[in-house]
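Structure data (mmCIF, C-alpha atoms) from coords28.cif:
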data_entry
loop_
_atom_site.label_atom_id
_atom_site.label_comp_id
_atom_site.auth_asym_id
_atom_site.auth_seq_id
_atom_site.Cartn_x
_atom_site.Cartn_y
_atom_site.Cartn_z
CA MET A 1 -46.70 -3.08 204.15
CA LYS A 2 -50.28 -2.12 204.89
CA LEU A 3 -50.94 -2.02 201.19
CA ILE A 4 -49.32 -5.43 200.75
CA ARG A 5 -51.39 -6.91 203.52
CA ALA A 6 -54.51 -5.42 202.03
CA THR A 7 -53.62 -6.84 198.64
CA VAL A 8 -52.96 -10.24 200.14
CA PHE A 9 -56.31 -10.24 201.85
CA ALA A 10 -57.95 -9.14 198.64
CA VAL A 11 -56.39 -12.08 196.80
CA VAL A 12 -57.49 -14.56 199.45
CA SER A 13 -60.91 -13.06 199.46
CA LEU A 14 -61.32 -13.26 195.73
CA THR A 15 -59.84 -16.69 195.24
CA ALA A 16 -60.99 -18.62 198.25
CA TYR A 17 -63.87 -17.12 200.09
CA GLY A 18 -65.62 -14.45 198.12
CA GLN A 19 -66.25 -12.46 201.25
CA THR A 20 -64.46 -10.01 203.46
CA PRO A 21 -61.93 -11.92 205.55
CA ALA A 22 -61.59 -11.51 209.27
CA PRO A 23 -58.60 -9.42 210.42
CA ALA A 24 -55.47 -11.40 211.24
CA LYS A 25 -55.26 -12.55 214.83
CA THR A 26 -52.11 -12.37 216.86
CA GLU A 27 -51.89 -14.96 219.60
CA LYS A 28 -50.73 -13.81 223.01
CA GLY A 29 -46.97 -13.82 223.26
CA SER A 30 -46.45 -14.22 219.55
CA THR A 31 -45.68 -11.47 217.10
CA LEU A 32 -46.32 -13.63 214.03
CA PRO A 33 -48.96 -12.40 211.63
CA ARG A 34 -51.66 -15.05 211.62
CA SER A 35 -54.41 -16.08 209.30
CA PHE A 36 -58.02 -16.11 210.55
CA ASP A 37 -57.65 -19.81 211.43
CA GLY A 38 -54.78 -19.06 213.78
CA LYS A 39 -52.01 -20.45 211.58
CA PRO A 40 -48.99 -18.28 210.75
CA ASP A 41 -49.87 -16.36 207.59
CA LEU A 42 -47.46 -17.32 204.81
CA THR A 43 -49.51 -15.59 202.13
CA GLY A 44 -47.47 -13.16 200.07
CA ILE A 45 -44.56 -12.76 197.69
CA TRP A 46 -41.29 -14.32 198.81
CA GLN A 47 -37.80 -14.57 197.47
CA ALA A 48 -34.57 -16.21 198.55
CA PHE A 49 -32.46 -13.84 200.62
CA GLY A 50 -29.74 -12.00 198.79
CA VAL A 51 -31.48 -12.19 195.48
CA ALA A 52 -34.03 -9.42 195.54
CA LEU A 53 -31.58 -6.63 196.22
CA PHE A 54 -29.93 -6.62 192.81
CA GLY A 55 -29.16 -3.04 191.99
CA GLU A 56 -30.99 -1.73 195.03
CA THR A 57 -27.89 -0.65 196.90
CA GLY A 58 -25.25 -1.16 194.30
CA GLU A 59 -25.24 -4.84 195.15
CA LEU A 60 -23.41 -6.64 197.86
CA ARG A 61 -19.73 -7.43 197.73
CA PRO A 62 -17.84 -10.54 198.79
CA GLY A 63 -16.17 -10.18 202.15
CA GLN A 64 -19.09 -8.41 203.77
CA GLY A 65 -21.22 -10.04 206.41
CA THR A 66 -20.59 -12.97 208.68
CA ARG A 67 -21.65 -16.60 208.60
CA SER A 68 -25.13 -17.35 209.76
CA SER A 69 -26.38 -20.43 211.54
CA TRP A 70 -29.09 -20.52 208.91
CA GLY A 71 -28.60 -20.36 205.20
CA PRO A 72 -25.82 -22.51 203.79
CA PRO A 73 -26.51 -26.04 202.60
CA VAL A 74 -25.91 -28.46 205.46
CA GLY A 75 -22.70 -30.12 204.31
CA PRO A 76 -21.89 -31.52 200.87
CA ALA A 77 -24.42 -33.63 199.03
CA PRO A 78 -23.86 -37.22 200.22
CA TYR A 79 -23.64 -38.98 196.85
CA ARG A 80 -22.73 -42.62 196.67
CA THR A 81 -19.04 -42.90 195.90
CA GLU A 82 -19.62 -44.57 192.56
CA LEU A 83 -21.80 -41.63 191.45
CA GLU A 84 -19.42 -38.80 192.30
CA GLY A 85 -17.84 -39.02 188.85
CA LYS A 86 -21.21 -38.53 187.20
CA VAL A 87 -21.90 -35.48 189.36
CA ALA A 88 -18.55 -33.98 188.34
CA GLU A 89 -19.18 -34.74 184.69
CA LEU A 90 -22.61 -33.09 184.75
CA ALA A 91 -21.26 -30.10 186.66
CA SER A 92 -18.51 -29.54 184.11
CA ASP A 93 -20.91 -28.90 181.25
CA ASN A 94 -23.52 -26.27 182.01
CA ARG A 95 -25.48 -27.31 178.93
CA ARG A 96 -26.50 -30.41 180.89
CA ASP A 97 -28.27 -28.28 183.51
CA PRO A 98 -32.02 -28.72 182.98
CA ASN A 99 -32.48 -25.10 184.02
CA VAL A 100 -30.40 -23.93 181.05
CA ARG A 101 -32.80 -25.96 178.91
CA CYS A 102 -35.73 -24.06 180.43
CA LYS A 103 -37.11 -27.02 182.35
CA MET A 104 -39.05 -26.40 185.54
CA ALA A 105 -36.51 -26.43 188.35
CA GLY A 106 -38.18 -28.92 190.69
CA VAL A 107 -38.29 -28.97 194.48
CA PRO A 108 -36.39 -27.66 196.37
CA ARG A 109 -34.13 -26.03 193.78
CA ILE A 110 -36.86 -23.72 192.54
CA THR A 111 -37.20 -22.12 195.97
CA GLY A 112 -33.76 -20.55 195.49
CA SER A 113 -34.61 -18.99 192.15
CA VAL A 114 -33.48 -15.46 191.28
CA VAL A 115 -37.15 -14.58 190.76
CA PRO A 116 -39.84 -14.71 193.44
CA LEU A 117 -42.70 -17.04 194.33
CA GLU A 118 -46.14 -16.33 195.73
CA ILE A 119 -47.82 -18.31 198.50
CA ILE A 120 -51.61 -18.25 198.78
CA GLN A 121 -52.66 -19.93 202.00
CA THR A 122 -56.10 -21.23 202.89
CA PRO A 123 -56.97 -23.74 205.62
CA LYS A 124 -57.54 -26.61 203.19
CA LYS A 125 -55.10 -25.83 200.44
CA VAL A 126 -51.88 -23.87 200.00
CA ALA A 127 -50.86 -22.76 196.52
CA ILE A 128 -47.33 -21.79 195.57
CA LEU A 129 -46.99 -19.91 192.29
CA TYR A 130 -43.48 -19.63 190.95
CA GLU A 131 -42.30 -16.95 188.57
CA SER A 132 -39.58 -19.39 187.58
CA GLY A 133 -40.75 -21.63 184.76
CA HIS A 134 -44.46 -20.94 185.28
CA ALA A 135 -44.41 -23.72 187.85
CA PHE A 136 -47.11 -24.08 190.46
CA ARG A 137 -47.98 -26.36 193.31
CA SER A 138 -51.43 -26.94 194.74
CA ILE A 139 -50.84 -28.44 198.17
CA PRO A 140 -53.80 -30.07 199.95
CA VAL A 141 -53.81 -29.75 203.74
CA ASP A 142 -56.30 -32.53 204.39
CA GLY A 143 -54.36 -35.39 205.97
CA LYS A 144 -54.75 -37.63 202.95
CA PRO A 145 -51.75 -39.66 201.69
CA HIS A 146 -50.16 -39.18 198.28
CA PRO A 147 -52.07 -40.86 195.44
CA SER A 148 -50.72 -44.30 194.53
CA ASP A 149 -50.91 -43.74 190.77
CA LEU A 150 -48.59 -40.76 190.33
CA ASP A 151 -46.79 -40.23 187.05
CA PRO A 152 -43.29 -38.79 187.57
CA SER A 153 -43.30 -34.98 187.32
CA TYR A 154 -40.96 -32.01 187.61
CA MET A 155 -42.60 -30.53 190.69
CA GLY A 156 -43.76 -33.78 192.29
CA HIS A 157 -46.88 -34.30 194.35
CA SER A 158 -47.20 -32.42 197.62
CA THR A 159 -49.21 -32.87 200.78
CA GLY A 160 -49.13 -30.29 203.56
CA ARG A 161 -49.64 -30.32 207.30
CA TRP A 162 -49.00 -28.00 210.23
CA GLU A 163 -46.58 -29.01 212.96
CA GLY A 164 -47.12 -26.23 215.49
CA ASP A 165 -46.28 -23.03 213.64
CA THR A 166 -44.31 -24.76 210.88
CA PHE A 167 -45.91 -25.66 207.56
CA VAL A 168 -44.51 -29.04 206.53
CA VAL A 169 -44.81 -30.29 202.96
CA ASP A 170 -44.10 -33.87 201.93
CA VAL A 171 -43.20 -34.22 198.24
CA VAL A 172 -42.83 -37.39 196.15
CA GLY A 173 -43.57 -38.42 192.57
CA PHE A 174 -40.62 -36.67 190.92
CA ASN A 175 -39.15 -37.41 187.53
CA ASN A 176 -35.35 -37.80 187.29
CA ILE A 177 -34.86 -34.81 184.98
CA THR A 178 -34.52 -31.96 187.49
CA TRP A 179 -31.48 -31.24 189.62
CA LEU A 180 -31.25 -30.61 193.33
CA PRO A 181 -29.52 -27.39 194.49
CA GLY A 182 -25.92 -27.34 193.26
CA ALA A 183 -24.26 -28.08 189.91
CA GLY A 184 -24.64 -31.63 188.64
CA HIS A 185 -26.81 -32.73 191.54
CA PHE A 186 -28.98 -35.25 189.75
CA HIS A 187 -31.46 -37.51 191.53
CA SER A 188 -33.68 -40.50 190.88
CA GLU A 189 -37.43 -40.92 190.81
CA ALA A 190 -37.13 -42.20 194.38
CA LEU A 191 -36.49 -38.65 195.61
CA HIS A 192 -38.50 -37.74 198.69
CA VAL A 193 -38.43 -34.14 199.90
CA VAL A 194 -39.76 -32.77 203.17
CA GLU A 195 -39.98 -28.99 203.27
CA ARG A 196 -40.45 -26.85 206.35
CA TYR A 197 -41.68 -23.27 206.13
CA THR A 198 -41.34 -21.45 209.45
CA LEU A 199 -42.48 -17.84 209.60
CA GLN A 200 -40.28 -15.63 211.74
CA PRO A 201 -41.23 -12.50 213.72
CA ASP A 202 -39.14 -10.38 211.33
CA SER A 203 -41.39 -11.41 208.42
CA THR A 204 -38.95 -13.88 206.94
CA ILE A 205 -39.45 -17.58 206.37
CA TYR A 206 -36.84 -20.08 207.43
CA TYR A 207 -37.05 -22.67 204.69
CA GLU A 208 -35.53 -26.10 205.04
CA ALA A 209 -35.80 -28.98 202.60
CA THR A 210 -34.60 -32.43 203.55
CA MET A 211 -33.89 -34.65 200.55
CA GLU A 212 -33.81 -38.42 200.72
CA ASP A 213 -32.93 -40.51 197.69
CA PRO A 214 -31.56 -43.97 198.50
CA VAL A 215 -30.64 -44.51 194.84
CA VAL A 216 -28.09 -41.66 194.80
CA PHE A 217 -27.51 -40.59 198.42
CA THR A 218 -26.00 -42.46 201.36
CA LYS A 219 -28.01 -40.36 203.83
CA PRO A 220 -30.52 -37.51 203.81
CA TRP A 221 -29.31 -34.03 202.83
CA ALA A 222 -30.73 -30.69 203.90
CA TYR A 223 -30.89 -27.35 202.11
CA ARG A 224 -31.75 -24.10 203.79
CA LEU A 225 -32.77 -20.66 202.64
CA ILE A 226 -34.19 -17.53 204.16
CA LEU A 227 -37.13 -16.18 202.21
CA ARG A 228 -38.11 -12.56 202.48
CA HIS A 229 -40.49 -10.13 200.87
CA PRO A 230 -38.92 -8.39 197.87
CA PRO A 231 -38.24 -4.72 198.62
CA ARG A 232 -40.66 -3.52 195.97
CA ASP A 233 -42.77 -4.54 193.00
CA GLU A 234 -44.83 -6.96 195.03
CA ARG A 235 -46.13 -9.16 192.26
CA ILE A 236 -44.93 -12.11 190.31
CA MET A 237 -44.63 -11.76 186.58
CA GLU A 238 -44.58 -13.95 183.51
CA SER A 239 -41.23 -15.36 182.47
CA ASP A 240 -41.12 -17.60 179.42
CA CYS A 241 -37.61 -19.01 179.35
CA THR A 242 -38.04 -20.56 175.92
CA GLU A 243 -38.67 -17.18 174.32
CA ASN A 244 -35.08 -16.39 173.29
CA ASN A 245 -32.73 -18.92 174.83
CA GLN A 246 -29.36 -18.30 173.14
CA ASP A 247 -27.21 -19.82 175.85
CA LEU A 248 -27.01 -23.43 174.73
CA GLU A 249 -24.96 -22.59 171.64
CA HIS A 250 -22.50 -20.37 173.51
CA ILE A 251 -21.77 -22.31 176.70
CA VAL A 252 -18.24 -23.67 176.86
CA PRO A 253 -17.77 -26.87 178.91
CA SER A 254 -15.04 -26.63 181.52
CA ARG A 255 -13.53 -30.05 180.87
CA MET B 256 -33.84 -4.97 212.33
CA LYS B 257 -32.97 -3.35 209.06
CA ARG B 258 -29.29 -3.80 209.80
CA LEU B 259 -29.87 -7.44 210.68
CA SER B 260 -31.72 -7.95 207.42
CA VAL B 261 -28.91 -6.41 205.43
CA THR B 262 -26.38 -8.57 207.24
CA LEU B 263 -28.34 -11.72 206.59
CA THR B 264 -28.69 -10.70 202.97
CA LEU B 265 -24.94 -10.40 202.69
CA VAL B 266 -24.41 -13.73 204.32
CA CYS B 267 -26.76 -15.55 202.05
CA LEU B 268 -25.47 -13.92 198.90
CA LEU B 269 -22.16 -15.52 199.71
CA SER B 270 -23.41 -18.90 200.68
CA ILE B 271 -26.46 -19.79 198.63
CA PRO B 272 -26.17 -21.30 195.19
CA VAL B 273 -28.79 -19.07 193.65
CA LEU B 274 -30.64 -20.50 190.69
CA ALA B 275 -29.87 -18.31 187.70
CA HIS B 276 -30.52 -19.43 184.16
CA HIS B 277 -26.94 -20.49 183.62
CA SER B 278 -23.59 -20.36 185.36
CA PHE B 279 -21.72 -17.13 184.58
CA ALA B 280 -18.46 -19.00 184.16
CA ALA B 281 -19.97 -21.39 181.63
CA GLU B 282 -20.28 -18.61 179.09
CA TYR B 283 -18.14 -15.65 180.18
CA ASP B 284 -14.62 -15.02 181.48
CA GLY B 285 -14.63 -12.98 184.68
CA LYS B 286 -10.88 -12.35 184.20
CA LYS B 287 -11.43 -10.57 180.90
CA PRO B 288 -13.19 -7.26 181.57
CA VAL B 289 -14.55 -5.44 178.52
CA SER B 290 -15.67 -1.83 178.08
CA ILE B 291 -17.45 -0.68 174.98
CA SER B 292 -19.00 2.57 173.79
CA GLY B 293 -21.29 2.73 170.82
CA VAL B 294 -24.76 2.96 169.41
CA VAL B 295 -27.62 0.61 170.24
CA THR B 296 -28.83 -1.10 167.08
CA LYS B 297 -31.05 -3.81 168.51
CA ILE B 298 -32.88 -4.39 171.79
CA GLU B 299 -34.14 -7.86 172.68
CA TRP B 300 -36.27 -7.43 175.82
CA THR B 301 -36.67 -11.18 176.16
CA ASN B 302 -36.33 -14.14 178.48
CA PRO B 303 -34.21 -15.72 179.74
CA HIS B 304 -31.92 -12.77 178.97
CA VAL B 305 -32.16 -9.27 177.65
CA TYR B 306 -29.72 -8.68 174.76
CA LEU B 307 -28.46 -5.32 173.55
CA THR B 308 -26.67 -5.16 170.23
CA VAL B 309 -24.20 -2.29 170.11
CA ASP B 310 -22.10 -1.01 167.19
CA SER B 311 -18.89 0.57 168.38
CA SER B 312 -16.33 2.14 166.08
CA ASN B 313 -12.63 2.68 166.67
CA GLU B 314 -10.51 5.65 165.60
CA SER B 315 -10.05 4.26 162.12
CA GLY B 316 -13.78 3.97 161.71
CA ARG B 317 -13.93 0.19 161.86
CA VAL B 318 -17.25 -0.90 163.34
CA THR B 319 -17.50 -3.83 165.74
CA THR B 320 -20.88 -5.28 166.60
CA MET B 321 -21.20 -6.62 170.13
CA VAL B 322 -24.13 -8.57 171.61
CA VAL B 323 -24.44 -7.80 175.32
CA GLU B 324 -26.28 -10.21 177.62
CA GLY B 325 -28.11 -9.00 180.71
CA HIS B 326 -30.57 -10.12 183.35
CA PRO B 327 -34.07 -11.18 182.30
CA PRO B 328 -36.68 -8.39 182.00
CA ASN B 329 -38.29 -9.26 185.33
CA ILE B 330 -35.09 -8.61 187.26
CA LEU B 331 -34.29 -5.45 185.29
CA ARG B 332 -37.79 -4.10 185.95
CA ARG B 333 -37.15 -4.56 189.65
CA THR B 334 -33.87 -2.66 189.47
CA GLY B 335 -34.99 0.48 187.72
CA TRP B 336 -35.28 -0.48 184.05
CA THR B 337 -38.31 -0.20 181.85
CA ARG B 338 -38.86 -1.77 178.46
CA ASP B 339 -38.43 1.53 176.65
CA ILE B 340 -35.69 3.06 178.78
CA LEU B 341 -33.27 2.51 175.90
CA LYS B 342 -33.98 3.33 172.28
CA ILE B 343 -32.40 2.37 168.99
CA ASN B 344 -29.53 4.75 168.13
CA ASP B 345 -28.94 5.71 171.78
CA ALA B 346 -25.25 6.14 172.55
CA VAL B 347 -24.21 4.05 175.54
CA SER B 348 -21.16 2.79 177.36
CA ILE B 349 -21.22 -0.73 178.79
CA THR B 350 -18.83 -2.58 181.06
CA GLY B 351 -18.74 -6.34 181.47
CA TRP B 352 -16.77 -9.43 180.58
CA ALA B 353 -15.81 -11.23 177.38
CA SER B 354 -17.38 -14.43 176.14
CA LYS B 355 -15.44 -17.67 176.36
CA ASP B 356 -16.38 -18.94 172.91
CA GLY B 357 -14.58 -16.14 171.09
CA SER B 358 -17.72 -14.60 169.61
CA ASN B 359 -18.51 -10.89 169.78
CA ARG B 360 -20.64 -11.35 172.84
CA MET B 361 -20.18 -10.13 176.38
CA ALA B 362 -21.83 -10.31 179.77
CA GLY B 363 -23.05 -6.80 180.52
CA ARG B 364 -22.58 -5.49 184.05
CA GLU B 365 -23.36 -1.78 183.92
CA VAL B 366 -24.82 0.52 181.29
CA THR B 367 -24.20 4.26 181.17
CA PHE B 368 -27.11 5.96 179.44
CA PRO B 369 -26.93 9.05 177.17
CA ASP B 370 -27.82 11.29 180.14
CA GLY B 371 -25.08 9.79 182.30
CA LYS B 372 -27.40 7.61 184.35
CA LYS B 373 -25.96 4.21 185.26
CA LEU B 374 -27.83 0.96 185.87
CA PHE B 375 -26.73 -2.61 186.34
CA LEU B 376 -27.52 -4.78 183.34
CA GLY B 377 -26.35 -8.13 184.64
CA PRO B 378 -24.77 -9.93 187.57
CA PRO B 379 -21.20 -9.54 188.77
CA ALA B 380 -18.60 -11.98 187.50
CA GLU B 381 -18.21 -15.19 189.45
#
Please lay out the structure from this file as structure tokens.
Amino acid sequence: MKLIRATVFAVVSLTAYGQTPAPAKTEKGSTLPRSFDGKPDLTGIWQAFGVALFGETGELRPGQGTRSSWGPPVGPAPYRTELEGKVAELASDNRRDPNVRCKMAGVPRITGSVVPLEIIQTPKKVAILYESGHAFRSIPVDGKPHPSDLDPSYMGHSTGRWEGDTFVVDVVGFNNITWLPGAGHFHSEALHVVERYTLQPDSTIYYEATMEDPVVFTKPWAYRLILRHPPRDERIMESDCTENNQDLEHIVPSR
Amino acid sequence: MKRLSVTLTLVCLLSIPVLAHHSFAAEYDGKKPVSISGVVTKIEWTNPHVYLTVDSSNESGRVTTMVVEGHPPNILRRTGWTRDILKINDAVSITGWASKDGSNRMAGREVTFPDGKKLFLGPPAE
């Protein structure tokens, strides 16, 4: 962990400041690792819980563990009744999944990828680099609103702010190509996502994304994950999904 | 804390729809387990999946060529594989599940190497 921390500081130093950073402060009564500006330090490699342990311990079997108050999606996606048929139709044919077609996964679906992401935190900007799909987000933390001239995009436009010890990201400007978490969960360009990253004393992040889309949903829907540091190999790697994608011609629709 | 972490990991594995490249059930039949033994004739260390092509022969000498799908290289690297851990003409045994489209393809779960070492190649069946 010391090595990781040192590496993280080295990255921040090289990319943002060009000088030796101050050691992390720990506020009285809090065990959270903090950046030199006093904010919880999210910098590092993270991955959705339950993903990084493939092969590590022979993998985890169904029937083990108990339900957690954090983790599962908060209820079913609240699609408008007239759209439920379309969701079912999309879900029945995996070839329709934009991820199978090597598209960037969008927010918040990409956070639950089987491969990790890297957060690089500075006071004025937070970058998230995703191994999945070569996606990245450069999130200003400057109090400015979203631009008014956004073209729709896979990853949307993000603005960040701190609410106490939680990093809150507001995301708009999506295209309607990506899916939300779950099979067939399409959305419109009106999608508005609010993400909350809350660092925990056990070095995990409680991640929550609230999705609003009045075109397809009857009410907001939340998605939760626990992010943790992968057990080893603390770096993100290249992953070009288009390299040898043989799946499209072999997927069999379920309907 | 370690025990708590493991417990939470278990919980989330059960409850989170993890974003893999495709749904297992869209391409493979988890009710049709397959075991093959043969010789590696081709190794595609590629994204979004690694593919091993294996020629296996039965008692009468008839050769069947099977294409075995696995995790992407990045996941295999994190679970003990390297790009050159397998070589052409290596004799291996592989367990997994049959394809749904009737082709000679399978989802690979575990590979037994020439020295007896075993490593997971792909995810469990859904």
Next item on the list: Could you jot down the atom CA of B:Thr320 to atom CA of A:Asn99 separation for me, Å, one decimal place?
Entry: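 Computing the Euclidean distance for atom CA of B:Thr320 and atom CA of A:Asn99 yields 28.8 Å.
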Check: On this structure, which residues satisfy the PyMOL selection byres ((chain A and resi 154-171) around 9), written as number ranges by chain?
Finding: A: 39-40, 42, 103-108, 125-126, 135-147, 150-153, 172-178, 191-199
Checklist line | Residue nearest B:Thr350 - candidates B:Pro303, B:Pro328, B:Gly377, B:Gly335, atoms counted: all atoms listed in the file | finding: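 When distances to B:Thr350 are compared using all atoms listed in the file, the smallest one comes from B:Gly377.
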Note to self: So, with only C-alpha atoms as the atoms that count, which of A:Glu118, A:Leu32, A:Gly133, A:Gly85 lies closest to A:Glu243?
What the structure shows: A:Gly133
Checklist line | Distance of atom CA of B:Ala346 from atom CA of B:Ile291, expressed in Å to one decimal place | finding: 10.6 Å
Item checked: Selection near B:Trp352, 9 Å with all atoms listed in the file, sequence-local residues under 6 positions removed, as an MDAnalysis selection string -> chainID B and resid 283:290 360:364 380
Notebook entry, point to check: Hey, can you check how far atom CA of A:Ile120 sits from atom CA of A:Ser35?
Noted result: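 Calculated distance between atom CA of A:Ile120 and atom CA of A:Ser35 is 11.1 Å.
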